[in-house]
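Reviewing the structure listed below.
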Amino acid sequence: MSVAGTSTAPEGRDARGTPAPGHHGTGPGIDPDQLPDGLVVADEHGRVVRFNAAAARITAVPAADALGQPLEKALPLEDLEGRRWWQLTDPYGGLSIRVRQPERNLLLPGGREVLVSARYVRDEPLGPVRRVVVSLRDTEARRRTERSHAELIATVAHELRSPLTSVKGFTATLLAKWERFTDDQKRLMLETVDADADRVTRLIAELLDISRIDSGRLEVRRQPVDIGAAVSRHIQAYVAAGQRADRFLLRIEQPLPALWADPDKVDQVLSNLLENAVRHGEGTVTIDVTPSASPREGEETGTSVTVSDEGPGIPEESMNRVFTRFWRGSKRGGTGLGLYIVKGIVEAHGGIITVGRAPGGGAEFRFTLPVGAPAYLT
């Protein structure tokens, strides 16, 4: 990028194109406009000599208007208390031992918040400042993350309050009036406390799973898994709980490849998908277990599980949000975190999960896991 009134040599290089002392440029052949963050460079007189495309986008100031302007005019930053930032920090004056300004939140005109850090470039230690290099970063991505965390905290706090209120109420009542209740009344209250305690435990487990998924620390302990038997166990549990046996149709295509996966986490995935089909779907819940191409490169086979129902299904406009946090297919309870966790577990195994419309019109979830033998067996 050439700037009127400056040397024709690239910024930070002498007439021969070699780096100037104390300059740490963006490297040979790197166009500042290719940088993802805003870059603003002011010379020894405090006038802007670099203003890349990202800086123009973030500040809404065209590069042509900023070049040649004093730094404090081209980039009129204020801190969160309304103080003029360049007057406050005085980059060309002040202590000569300063080499940088750490990243902090500052405000552009109009109140837009940006993350700003600066580097003071000197030809020699304690010498005068030859350049001020400023990095600008939009805060929108950080704001989205912060909003997501705040929503998670608010949702979990709301979900915890109800069972904890119940537990506290029943235990306080039993302690104060134990002798007044019959054995059947005591049993009913203790069963309610037990169920609410289980609900709190599940919420805490969901929080831990989300934390591990978001940080990439979800551990997968692979063992041989009979996926057909695992599905059968879940169906039997629903039948024992009162569901009709003929509501479930299990179809297993043999032979299935030997599957190595984390049995507890596979159970968690199956439990969530079947619960969604039973609670939110209608008609027959069909589970197909089939061999398929592995989603992981270098492996020829994998195992797919498809869970479908005959209910109203998922609206087309919601398909791309099903696996995000807090998505709920209906208003009938739940935190909206289950499918987000399911996706994280499947992907931690190297698998994929998709959602679509079943042949009968309901929702259809399909996940595929690679055979995934542990490293010590390969």
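A note on labels: chains of the structure tokens are A, B, ... as shown, every chain counts residues from 1, and ligands are counted from 1 in their shown order.
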
Find the spatial neighbours of region 188-204 of chain A, counting only C-alpha atoms, within a cut-off of 9 Å - ignore same-chain residues fewer than 5 positions away - and output them as JSON, numbers by chain.
{"A": [156, 159, 160, 162, 163, 164, 166, 167, 168, 170, 171, 174, 183, 209, 335]}

Write the residues of the selection above to a file with N, CA, C and O atoms, as a JSON list (two decimals), in the first residue's frame.
[["chain", "number", "residue", "atom", "x", "y", "z"],
["A", 156, "VAL", "N", -30.19, -22.58, 33.46],
["A", 156, "VAL", "CA", -29.91, -23.60, 34.47],
["A", 156, "VAL", "C", -30.40, -23.15, 35.84],
["A", 156, "VAL", "O", -30.96, -23.94, 36.61],
["A", 159, "GLU", "N", -34.07, -23.72, 35.90],
["A", 159, "GLU", "CA", -34.40, -25.13, 35.99],
["A", 159, "GLU", "C", -34.06, -25.72, 37.36],
["A", 159, "GLU", "O", -34.72, -26.65, 37.83],
["A", 160, "LEU", "N", -33.04, -25.20, 38.02],
["A", 160, "LEU", "CA", -32.65, -25.71, 39.34],
["A", 160, "LEU", "C", -33.60, -25.22, 40.44],
["A", 160, "LEU", "O", -33.81, -25.91, 41.43],
["A", 162, "SER", "N", -36.85, -24.82, 40.65],
["A", 162, "SER", "CA", -38.07, -25.58, 40.91],
["A", 162, "SER", "C", -37.82, -26.85, 41.72],
["A", 162, "SER", "O", -38.45, -27.05, 42.77],
["A", 163, "PRO", "N", -36.90, -27.75, 41.30],
["A", 163, "PRO", "CA", -36.68, -28.95, 42.11],
["A", 163, "PRO", "C", -36.09, -28.66, 43.48],
["A", 163, "PRO", "O", -36.43, -29.33, 44.47],
["A", 164, "LEU", "N", -35.21, -27.66, 43.58],
["A", 164, "LEU", "CA", -34.63, -27.35, 44.88],
["A", 164, "LEU", "C", -35.68, -26.78, 45.84],
["A", 164, "LEU", "O", -35.65, -27.06, 47.04],
["A", 166, "SER", "N", -38.81, -27.62, 45.77],
["A", 166, "SER", "CA", -39.59, -28.79, 46.16],
["A", 166, "SER", "C", -38.87, -29.60, 47.24],
["A", 166, "SER", "O", -39.47, -29.99, 48.25],
["A", 167, "VAL", "N", -37.58, -29.84, 47.02],
["A", 167, "VAL", "CA", -36.80, -30.61, 48.00],
["A", 167, "VAL", "C", -36.80, -29.91, 49.35],
["A", 167, "VAL", "O", -37.03, -30.53, 50.40],
["A", 168, "LYS", "N", -36.55, -28.60, 49.34],
["A", 168, "LYS", "CA", -36.52, -27.85, 50.59],
["A", 168, "LYS", "C", -37.88, -27.88, 51.28],
["A", 168, "LYS", "O", -37.98, -28.09, 52.50],
["A", 170, "PHE", "N", -40.46, -30.09, 51.03],
["A", 170, "PHE", "CA", -40.85, -31.40, 51.56],
["A", 170, "PHE", "C", -40.00, -31.81, 52.76],
["A", 170, "PHE", "O", -40.50, -32.36, 53.74],
["A", 171, "THR", "N", -38.69, -31.57, 52.68],
["A", 171, "THR", "CA", -37.83, -31.97, 53.81],
["A", 171, "THR", "C", -38.14, -31.13, 55.04],
["A", 171, "THR", "O", -38.17, -31.66, 56.17],
["A", 174, "LEU", "N", -41.42, -32.49, 56.50],
["A", 174, "LEU", "CA", -41.24, -33.78, 57.17],
["A", 174, "LEU", "C", -40.53, -33.62, 58.50],
["A", 174, "LEU", "O", -40.88, -34.27, 59.50],
["A", 183, "ASP", "N", -47.60, -43.31, 56.80],
["A", 183, "ASP", "CA", -46.46, -43.87, 56.07],
["A", 183, "ASP", "C", -46.60, -43.65, 54.57],
["A", 183, "ASP", "O", -45.60, -43.37, 53.88],
["A", 209, "ASP", "N", -21.09, -31.62, 30.95],
["A", 209, "ASP", "CA", -20.90, -32.06, 29.56],
["A", 209, "ASP", "C", -20.68, -30.87, 28.64],
["A", 209, "ASP", "O", -19.81, -30.89, 27.77],
["A", 335, "THR", "N", -34.44, -28.25, 29.10],
["A", 335, "THR", "CA", -33.54, -27.10, 29.06],
["A", 335, "THR", "C", -33.16, -26.69, 27.65],
["A", 335, "THR", "O", -32.62, -25.61, 27.44]]

Check region 290-359 of chain A with DSSP on the backbone and list each residue it calls strand (DSSP E), as a PyMOL selection string.
chain A and resi 290-293+301-308+352-357

May I have the selected residues written with N, CA and C atoms, as a PDB file, in the first residue's frame?
ATOM      1  N   THR A 290     -27.883 -49.908  11.119  1.00  0.00           N
ATOM      2  CA  THR A 290     -27.348 -50.442   9.871  1.00  0.00           C
ATOM      3  C   THR A 290     -25.856 -50.186   9.756  1.00  0.00           C
ATOM      4  N   PRO A 291     -25.133 -51.043   9.016  1.00  0.00           N
ATOM      5  CA  PRO A 291     -23.752 -50.701   8.667  1.00  0.00           C
ATOM      6  C   PRO A 291     -23.766 -49.598   7.624  1.00  0.00           C
ATOM      7  N   SER A 292     -22.728 -48.785   7.614  1.00  0.00           N
ATOM      8  CA  SER A 292     -22.679 -47.695   6.642  1.00  0.00           C
ATOM      9  C   SER A 292     -21.232 -47.303   6.413  1.00  0.00           C
ATOM     10  N   ALA A 293     -21.025 -46.406   5.471  1.00  0.00           N
ATOM     11  CA  ALA A 293     -19.685 -45.867   5.254  1.00  0.00           C
ATOM     12  C   ALA A 293     -19.280 -45.051   6.469  1.00  0.00           C
ATOM     13  N   THR A 301     -15.846 -48.705   7.182  1.00  0.00           N
ATOM     14  CA  THR A 301     -17.162 -49.018   7.722  1.00  0.00           C
ATOM     15  C   THR A 301     -17.459 -48.236   8.985  1.00  0.00           C
ATOM     16  N   GLY A 302     -18.740 -48.076   9.227  1.00  0.00           N
ATOM     17  CA  GLY A 302     -19.213 -47.461  10.446  1.00  0.00           C
ATOM     18  C   GLY A 302     -20.582 -48.023  10.768  1.00  0.00           C
ATOM     19  N   THR A 303     -21.195 -47.524  11.810  1.00  0.00           N
ATOM     20  CA  THR A 303     -22.528 -47.963  12.205  1.00  0.00           C
ATOM     21  C   THR A 303     -23.431 -46.754  12.290  1.00  0.00           C
ATOM     22  N   SER A 304     -24.602 -46.855  11.670  1.00  0.00           N
ATOM     23  CA  SER A 304     -25.583 -45.770  11.697  1.00  0.00           C
ATOM     24  C   SER A 304     -26.805 -46.185  12.500  1.00  0.00           C
ATOM     25  N   VAL A 305     -27.340 -45.248  13.251  1.00  0.00           N
ATOM     26  CA  VAL A 305     -28.583 -45.444  13.994  1.00  0.00           C
ATOM     27  C   VAL A 305     -29.536 -44.326  13.581  1.00  0.00           C
ATOM     28  N   THR A 306     -30.720 -44.704  13.126  1.00  0.00           N
ATOM     29  CA  THR A 306     -31.733 -43.738  12.713  1.00  0.00           C
ATOM     30  C   THR A 306     -32.955 -43.875  13.613  1.00  0.00           C
ATOM     31  N   VAL A 307     -33.367 -42.787  14.224  1.00  0.00           N
ATOM     32  CA  VAL A 307     -34.538 -42.767  15.095  1.00  0.00           C
ATOM     33  C   VAL A 307     -35.570 -41.842  14.445  1.00  0.00           C
ATOM     34  N   SER A 308     -36.741 -42.380  14.128  1.00  0.00           N
ATOM     35  CA  SER A 308     -37.772 -41.589  13.463  1.00  0.00           C
ATOM     36  C   SER A 308     -39.130 -41.834  14.106  1.00  0.00           C
ATOM     37  N   ILE A 352     -20.891 -38.217  12.832  1.00  0.00           N
ATOM     38  CA  ILE A 352     -21.728 -37.113  12.381  1.00  0.00           C
ATOM     39  C   ILE A 352     -23.169 -37.410  12.763  1.00  0.00           C
ATOM     40  N   ILE A 353     -23.972 -36.357  12.929  1.00  0.00           N
ATOM     41  CA  ILE A 353     -25.390 -36.518  13.213  1.00  0.00           C
ATOM     42  C   ILE A 353     -26.160 -35.529  12.356  1.00  0.00           C
ATOM     43  N   THR A 354     -27.290 -35.966  11.835  1.00  0.00           N
ATOM     44  CA  THR A 354     -28.116 -35.132  10.967  1.00  0.00           C
ATOM     45  C   THR A 354     -29.569 -35.232  11.404  1.00  0.00           C
ATOM     46  N   VAL A 355     -30.362 -34.271  10.956  1.00  0.00           N
ATOM     47  CA  VAL A 355     -31.791 -34.282  11.232  1.00  0.00           C
ATOM     48  C   VAL A 355     -32.521 -34.024   9.923  1.00  0.00           C
ATOM     49  N   GLY A 356     -33.663 -34.656   9.777  1.00  0.00           N
ATOM     50  CA  GLY A 356     -34.447 -34.485   8.565  1.00  0.00           C
ATOM     51  C   GLY A 356     -35.883 -34.898   8.809  1.00  0.00           C
ATOM     52  N   ARG A 357     -36.607 -35.123   7.727  1.00  0.00           N
ATOM     53  CA  ARG A 357     -38.013 -35.524   7.829  1.00  0.00           C
ATOM     54  C   ARG A 357     -38.125 -37.005   7.532  1.00  0.00           C
TER      55      ARG A 357
END

Name the residues in contact with Gly111 (chain A) at a cut-off of 12 Å, using only C-alpha atoms, excluding same-chain residues fewer than 3 positions from it; report them as an MDAnalysis selection string.
chainID A and resid 59 76:82 105:108 114

Write to file, as an mmCIF file, in the first residue's frame, the residues of the selection just made, with N, CA and C atoms.
data_model
loop_
_atom_site.group_PDB
_atom_site.id
_atom_site.type_symbol
_atom_site.label_atom_id
_atom_site.label_comp_id
_atom_site.auth_asym_id
_atom_site.auth_seq_id
_atom_site.Cartn_x
_atom_site.Cartn_y
_atom_site.Cartn_z
ATOM 1 N N THR A 59 -14.192 0.755 12.050
ATOM 2 C CA THR A 59 -14.403 2.150 12.456
ATOM 3 C C THR A 59 -15.412 2.882 11.586
ATOM 4 N N PRO A 76 -10.532 8.357 16.982
ATOM 5 C CA PRO A 76 -10.897 9.101 18.191
ATOM 6 C C PRO A 76 -11.488 8.193 19.266
ATOM 7 N N LEU A 77 -10.634 7.502 19.962
ATOM 8 C CA LEU A 77 -11.067 6.531 20.968
ATOM 9 C C LEU A 77 -11.286 7.190 22.321
ATOM 10 N N GLU A 78 -12.258 6.648 23.054
ATOM 11 C CA GLU A 78 -12.490 7.062 24.439
ATOM 12 C C GLU A 78 -12.574 5.825 25.315
ATOM 13 N N ASP A 79 -12.191 5.976 26.588
ATOM 14 C CA ASP A 79 -12.374 4.853 27.495
ATOM 15 C C ASP A 79 -13.806 4.822 27.979
ATOM 16 N N LEU A 80 -14.140 3.839 28.805
ATOM 17 C CA LEU A 80 -15.534 3.653 29.216
ATOM 18 C C LEU A 80 -16.024 4.764 30.137
ATOM 19 N N GLU A 81 -15.101 5.632 30.591
ATOM 20 C CA GLU A 81 -15.490 6.766 31.424
ATOM 21 C C GLU A 81 -15.547 8.065 30.625
ATOM 22 N N GLY A 82 -15.379 7.960 29.299
ATOM 23 C CA GLY A 82 -15.521 9.135 28.438
ATOM 24 C C GLY A 82 -14.254 9.949 28.264
ATOM 25 N N ASN A 105 -11.051 -2.656 26.352
ATOM 26 C CA ASN A 105 -12.265 -2.188 25.672
ATOM 27 C C ASN A 105 -12.262 -0.664 25.605
ATOM 28 N N LEU A 106 -12.429 -0.127 24.396
ATOM 29 C CA LEU A 106 -12.557 1.314 24.200
ATOM 30 C C LEU A 106 -13.768 1.580 23.315
ATOM 31 N N LEU A 107 -14.141 2.864 23.234
ATOM 32 C CA LEU A 107 -15.339 3.237 22.500
ATOM 33 C C LEU A 107 -14.993 4.121 21.310
ATOM 34 N N LEU A 108 -15.615 3.824 20.169
ATOM 35 C CA LEU A 108 -15.559 4.681 18.998
ATOM 36 C C LEU A 108 -16.690 5.697 19.072
ATOM 37 N N VAL A 114 -14.847 -1.523 20.908
ATOM 38 C CA VAL A 114 -13.817 -2.287 20.199
ATOM 39 C C VAL A 114 -12.729 -2.681 21.188
#

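Take CA of Glu364 (chain A) and CA of Asn276 (chain A): the distance between them is 10.6 Å.
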
If we count only C-alpha atoms and set the cut-off at 12 Å, which residues sit around Asp288 (chain A), ignoring sequence neighbours fewer than 6 positions away in its own chain? Please answer as a list in words.
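Selected residues are Ile227, Gly228, Val231, Ser232, Phe248, Leu249, Leu250, Arg251, Ile252, Glu253, Gln254, Leu256, Thr303, Ser304, Val305, Thr306, Val307, Ser308, Asp309, Ala358, Glu364, Phe365, Arg366, Phe367 and Thr368 of chain A.
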
Using only C-alpha atoms, which residues sit within 10 Å of region 310-326 of chain A once same-chain residues fewer than 3 positions away are excluded, as a VMD selection string?
chain A and resid 148 151 to 152 155 210 277 to 278 280 to 286 329 to 330 334 to 344 353 to 364

May I have the residues from that selection written out with N, CA and C atoms, as a tab-separated table (two decimals), in the first residue's frame?
chain	number	residue	atom	x	y	z
A	148	SER	N	-24.32	-16.01	25.27
A	148	SER	CA	-24.60	-17.44	25.35
A	148	SER	C	-24.35	-17.97	26.76
A	151	GLU	N	-27.12	-16.71	29.03
A	151	GLU	CA	-28.35	-17.47	28.82
A	151	GLU	C	-28.26	-18.85	29.46
A	152	LEU	N	-27.08	-19.47	29.36
A	152	LEU	CA	-26.90	-20.79	29.98
A	152	LEU	C	-27.08	-20.71	31.49
A	155	THR	N	-30.79	-20.07	32.28
A	155	THR	CA	-31.63	-21.25	32.05
A	155	THR	C	-31.43	-22.29	33.14
A	210	ILE	N	-21.48	-29.82	28.80
A	210	ILE	CA	-21.34	-28.64	27.96
A	210	ILE	C	-19.97	-28.00	28.16
A	277	ALA	N	-38.32	-38.63	20.67
A	277	ALA	CA	-39.29	-39.26	19.79
A	277	ALA	C	-40.55	-39.66	20.54
A	278	VAL	N	-40.40	-40.16	21.78
A	278	VAL	CA	-41.55	-40.59	22.57
A	278	VAL	C	-42.34	-39.39	23.08
A	280	HIS	N	-42.15	-35.98	22.10
A	280	HIS	CA	-42.60	-34.95	21.17
A	280	HIS	C	-43.17	-35.53	19.88
A	281	GLY	N	-42.90	-36.81	19.59
A	281	GLY	CA	-43.41	-37.42	18.37
A	281	GLY	C	-44.72	-38.15	18.61
A	282	GLU	N	-45.20	-38.78	17.56
A	282	GLU	CA	-46.43	-39.56	17.64
A	282	GLU	C	-46.26	-40.85	16.86
A	283	GLY	N	-47.21	-41.76	17.03
A	283	GLY	CA	-47.20	-43.00	16.28
A	283	GLY	C	-46.03	-43.89	16.63
A	284	THR	N	-45.62	-44.72	15.68
A	284	THR	CA	-44.55	-45.69	15.89
A	284	THR	C	-43.20	-45.00	15.87
A	285	VAL	N	-42.37	-45.36	16.86
A	285	VAL	CA	-40.98	-44.90	16.88
A	285	VAL	C	-40.12	-46.01	16.27
A	286	THR	N	-39.50	-45.72	15.14
A	286	THR	CA	-38.72	-46.71	14.41
A	286	THR	C	-37.23	-46.45	14.61
A	329	GLY	N	-38.10	-28.22	20.77
A	329	GLY	CA	-39.06	-28.58	19.74
A	329	GLY	C	-40.48	-28.25	20.15
A	330	SER	N	-40.71	-28.09	21.45
A	330	SER	CA	-42.04	-27.72	21.94
A	330	SER	C	-41.85	-27.00	23.27
A	334	GLY	N	-37.92	-29.10	29.64
A	334	GLY	CA	-36.59	-29.34	29.14
A	334	GLY	C	-35.77	-28.07	29.07
A	335	THR	N	-34.44	-28.25	29.10
A	335	THR	CA	-33.54	-27.10	29.06
A	335	THR	C	-33.16	-26.69	27.65
A	336	GLY	N	-33.42	-27.56	26.67
A	336	GLY	CA	-32.99	-27.26	25.32
A	336	GLY	C	-31.52	-27.51	25.10
A	337	LEU	N	-30.88	-28.26	25.99
A	337	LEU	CA	-29.44	-28.53	25.88
A	337	LEU	C	-29.13	-29.94	25.39
A	338	GLY	N	-30.14	-30.81	25.39
A	338	GLY	CA	-29.90	-32.23	25.12
A	338	GLY	C	-29.30	-32.50	23.76
A	339	LEU	N	-29.86	-31.92	22.69
A	339	LEU	CA	-29.37	-32.20	21.35
A	339	LEU	C	-28.01	-31.55	21.10
A	340	TYR	N	-27.75	-30.43	21.77
A	340	TYR	CA	-26.41	-29.81	21.69
A	340	TYR	C	-25.37	-30.77	22.26
A	341	ILE	N	-25.70	-31.40	23.38
A	341	ILE	CA	-24.79	-32.37	24.00
A	341	ILE	C	-24.66	-33.61	23.13
A	342	VAL	N	-25.77	-34.09	22.56
A	342	VAL	CA	-25.74	-35.26	21.68
A	342	VAL	C	-24.77	-35.02	20.52
A	343	LYS	N	-24.88	-33.87	19.89
A	343	LYS	CA	-23.99	-33.54	18.76
A	343	LYS	C	-22.54	-33.53	19.22
A	344	GLY	N	-22.27	-32.96	20.39
A	344	GLY	CA	-20.90	-32.93	20.91
A	344	GLY	C	-20.35	-34.32	21.16
A	353	ILE	N	-23.97	-36.36	12.93
A	353	ILE	CA	-25.39	-36.52	13.21
A	353	ILE	C	-26.16	-35.53	12.36
A	354	THR	N	-27.29	-35.97	11.83
A	354	THR	CA	-28.12	-35.13	10.97
A	354	THR	C	-29.57	-35.23	11.40
A	355	VAL	N	-30.36	-34.27	10.96
A	355	VAL	CA	-31.79	-34.28	11.23
A	355	VAL	C	-32.52	-34.02	9.92
A	356	GLY	N	-33.66	-34.66	9.78
A	356	GLY	CA	-34.45	-34.49	8.57
A	356	GLY	C	-35.88	-34.90	8.81
A	357	ARG	N	-36.61	-35.12	7.73
A	357	ARG	CA	-38.01	-35.52	7.83
A	357	ARG	C	-38.13	-37.01	7.53
A	358	ALA	N	-38.81	-37.72	8.41
A	358	ALA	CA	-38.98	-39.16	8.25
A	358	ALA	C	-39.98	-39.45	7.13
A	359	PRO	N	-39.93	-40.68	6.57
A	359	PRO	CA	-40.89	-41.04	5.51
A	359	PRO	C	-42.33	-40.88	5.97
A	360	GLY	N	-42.59	-41.10	7.26
A	360	GLY	CA	-43.95	-40.96	7.78
A	360	GLY	C	-44.33	-39.55	8.14
A	361	GLY	N	-43.42	-38.60	7.91
A	361	GLY	CA	-43.72	-37.20	8.16
A	361	GLY	C	-43.15	-36.65	9.44
A	362	GLY	N	-42.69	-37.50	10.35
A	362	GLY	CA	-42.15	-37.03	11.62
A	362	GLY	C	-40.69	-36.61	11.51
A	363	ALA	N	-40.07	-36.47	12.67
A	363	ALA	CA	-38.65	-36.12	12.73
A	363	ALA	C	-37.80	-37.37	12.55
A	364	GLU	N	-36.64	-37.20	11.94
A	364	GLU	CA	-35.71	-38.32	11.76
A	364	GLU	C	-34.30	-37.86	12.12

Please list as an NGL selection string every residue within 12 Å of Leu136 (chain A), counting only C-alpha atoms and excluding residues in the same chain fewer than 6 positions away.
:A and (35-41 or 51-59 or 75 or 77 or 102-108 or 113-119)

Output file for the selection above: C-alpha atoms, as a PDB file, in the first residue's frame:
ATOM      1  CA  LEU A  35      -5.302  -9.284   8.035  1.00  0.00           C
ATOM      2  CA  PRO A  36      -8.476 -10.279   9.925  1.00  0.00           C
ATOM      3  CA  ASP A  37      -7.991  -7.553  12.568  1.00  0.00           C
ATOM      4  CA  GLY A  38      -7.848  -3.830  12.092  1.00  0.00           C
ATOM      5  CA  LEU A  39      -4.312  -2.437  11.672  1.00  0.00           C
ATOM      6  CA  VAL A  40      -3.505   1.255  12.125  1.00  0.00           C
ATOM      7  CA  VAL A  41       0.083   2.525  12.006  1.00  0.00           C
ATOM      8  CA  PHE A  51      -5.137   1.933   7.734  1.00  0.00           C
ATOM      9  CA  ASN A  52      -6.135  -1.494   6.496  1.00  0.00           C
ATOM     10  CA  ALA A  53      -9.497  -2.714   5.221  1.00  0.00           C
ATOM     11  CA  ALA A  54     -10.488  -4.300   8.555  1.00  0.00           C
ATOM     12  CA  ALA A  55      -9.797  -1.011  10.361  1.00  0.00           C
ATOM     13  CA  ALA A  56     -11.999   0.811   7.844  1.00  0.00           C
ATOM     14  CA  ARG A  57     -14.759  -1.764   8.376  1.00  0.00           C
ATOM     15  CA  ILE A  58     -14.588  -1.651  12.172  1.00  0.00           C
ATOM     16  CA  THR A  59     -14.403   2.150  12.456  1.00  0.00           C
ATOM     17  CA  LEU A  75      -9.034   7.013  15.577  1.00  0.00           C
ATOM     18  CA  LEU A  77     -11.067   6.531  20.968  1.00  0.00           C
ATOM     19  CA  PRO A 102      -2.376  -4.140  26.684  1.00  0.00           C
ATOM     20  CA  GLU A 103      -5.716  -4.999  25.104  1.00  0.00           C
ATOM     21  CA  ARG A 104      -8.718  -3.237  26.560  1.00  0.00           C
ATOM     22  CA  ASN A 105     -12.265  -2.188  25.672  1.00  0.00           C
ATOM     23  CA  LEU A 106     -12.557   1.314  24.200  1.00  0.00           C
ATOM     24  CA  LEU A 107     -15.339   3.237  22.500  1.00  0.00           C
ATOM     25  CA  LEU A 108     -15.559   4.681  18.998  1.00  0.00           C
ATOM     26  CA  GLU A 113     -17.114  -0.938  21.580  1.00  0.00           C
ATOM     27  CA  VAL A 114     -13.817  -2.287  20.199  1.00  0.00           C
ATOM     28  CA  LEU A 115     -10.864  -4.174  21.621  1.00  0.00           C
ATOM     29  CA  VAL A 116      -7.683  -2.136  21.207  1.00  0.00           C
ATOM     30  CA  SER A 117      -4.029  -2.950  21.816  1.00  0.00           C
ATOM     31  CA  ALA A 118      -0.965  -0.921  20.779  1.00  0.00           C
ATOM     32  CA  ARG A 119       2.749  -1.405  20.279  1.00  0.00           C
TER      33      ARG A 119
END

Excluding region 266-270 of chain A and any residue of its chain fewer than 3 positions from it, enumerate the residues within 8 Å of it, using only C-alpha atoms, and give them as a ChimeraX atom specification.
/A:230-231,234,261-263,273-274,342,345-346

Return the single residue from A:Gly169, A:Pro91, A:Pro32, A:Pro257 that is closest to Val225 (chain A), with distances computed using only C-alpha atoms.
A:Pro257

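CA of Thr173 (chain A) is positioned 10.1 Å from CA of Lys186 (chain A).
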
To test your reading of the structure, identify every residue in region 181-325 of chain A that backbone DSSP assigns to alpha helix (DSSP H), and report it as number ranges by chain.
A: 183-215, 227-240, 263-280

For the selection just defined, write its residues with C-alpha atoms to a file, as a compact mmCIF listing (two decimals), in the first residue's frame.
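Now in result-v8.txt:
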# COMPACT_ATOMS: atom_id res chain seq x y z
CA ASP A 183 -46.46 -43.87 56.07
CA ASP A 184 -48.00 -43.54 52.61
CA GLN A 185 -47.81 -39.74 52.79
CA LYS A 186 -44.19 -39.89 53.92
CA ARG A 187 -43.32 -42.28 51.10
CA LEU A 188 -44.98 -39.99 48.50
CA MET A 189 -43.05 -36.95 49.71
CA LEU A 190 -39.74 -38.85 49.84
CA GLU A 191 -40.32 -40.21 46.34
CA THR A 192 -40.90 -36.64 45.12
CA VAL A 193 -37.68 -35.50 46.83
CA ASP A 194 -35.82 -38.41 45.25
CA ALA A 195 -37.14 -37.57 41.76
CA ASP A 196 -36.27 -33.88 42.15
CA ALA A 197 -32.78 -34.77 43.38
CA ASP A 198 -32.33 -36.88 40.23
CA ARG A 199 -33.43 -33.91 38.14
CA VAL A 200 -30.84 -31.66 39.79
CA THR A 201 -28.17 -34.32 39.22
CA ARG A 202 -29.06 -34.48 35.52
CA LEU A 203 -28.86 -30.70 35.18
CA ILE A 204 -25.42 -30.64 36.78
CA ALA A 205 -24.29 -33.48 34.51
CA GLU A 206 -25.52 -31.47 31.48
CA LEU A 207 -23.54 -28.45 32.65
CA LEU A 208 -20.38 -30.53 33.00
CA ASP A 209 -20.90 -32.06 29.56
CA ILE A 210 -21.34 -28.64 27.96
CA SER A 211 -18.21 -27.36 29.69
CA ARG A 212 -16.18 -30.32 28.39
CA ILE A 213 -17.61 -30.04 24.87
CA ASP A 214 -16.95 -26.30 24.63
CA SER A 215 -13.37 -26.70 25.89
CA ILE A 227 -25.44 -51.04 19.67
CA GLY A 228 -28.45 -53.29 18.94
CA ALA A 229 -28.51 -54.56 22.51
CA ALA A 230 -28.16 -51.00 23.81
CA VAL A 231 -31.22 -49.87 21.84
CA SER A 232 -33.18 -52.92 23.05
CA ARG A 233 -32.43 -52.03 26.69
CA HIS A 234 -33.83 -48.54 26.21
CA ILE A 235 -36.98 -49.87 24.55
CA GLN A 236 -37.53 -52.38 27.38
CA ALA A 237 -37.17 -49.57 29.93
CA TYR A 238 -39.88 -47.54 28.18
CA VAL A 239 -42.18 -50.56 28.02
CA ALA A 240 -41.59 -51.24 31.72
CA PRO A 263 -20.89 -47.16 26.12
CA ASP A 264 -22.10 -44.59 28.66
CA LYS A 265 -22.04 -41.78 26.11
CA VAL A 266 -23.71 -43.91 23.44
CA ASP A 267 -26.45 -44.64 26.01
CA GLN A 268 -26.74 -40.88 26.61
CA VAL A 269 -27.22 -40.24 22.88
CA LEU A 270 -29.79 -43.05 22.50
CA SER A 271 -31.66 -41.95 25.61
CA ASN A 272 -32.00 -38.38 24.37
CA LEU A 273 -33.09 -39.28 20.84
CA LEU A 274 -35.62 -41.88 22.02
CA GLU A 275 -37.00 -39.58 24.70
CA ASN A 276 -37.51 -36.83 22.11
CA ALA A 277 -39.29 -39.26 19.79
CA VAL A 278 -41.55 -40.59 22.57
CA ARG A 279 -42.30 -37.24 24.20
CA HIS A 280 -42.60 -34.95 21.17
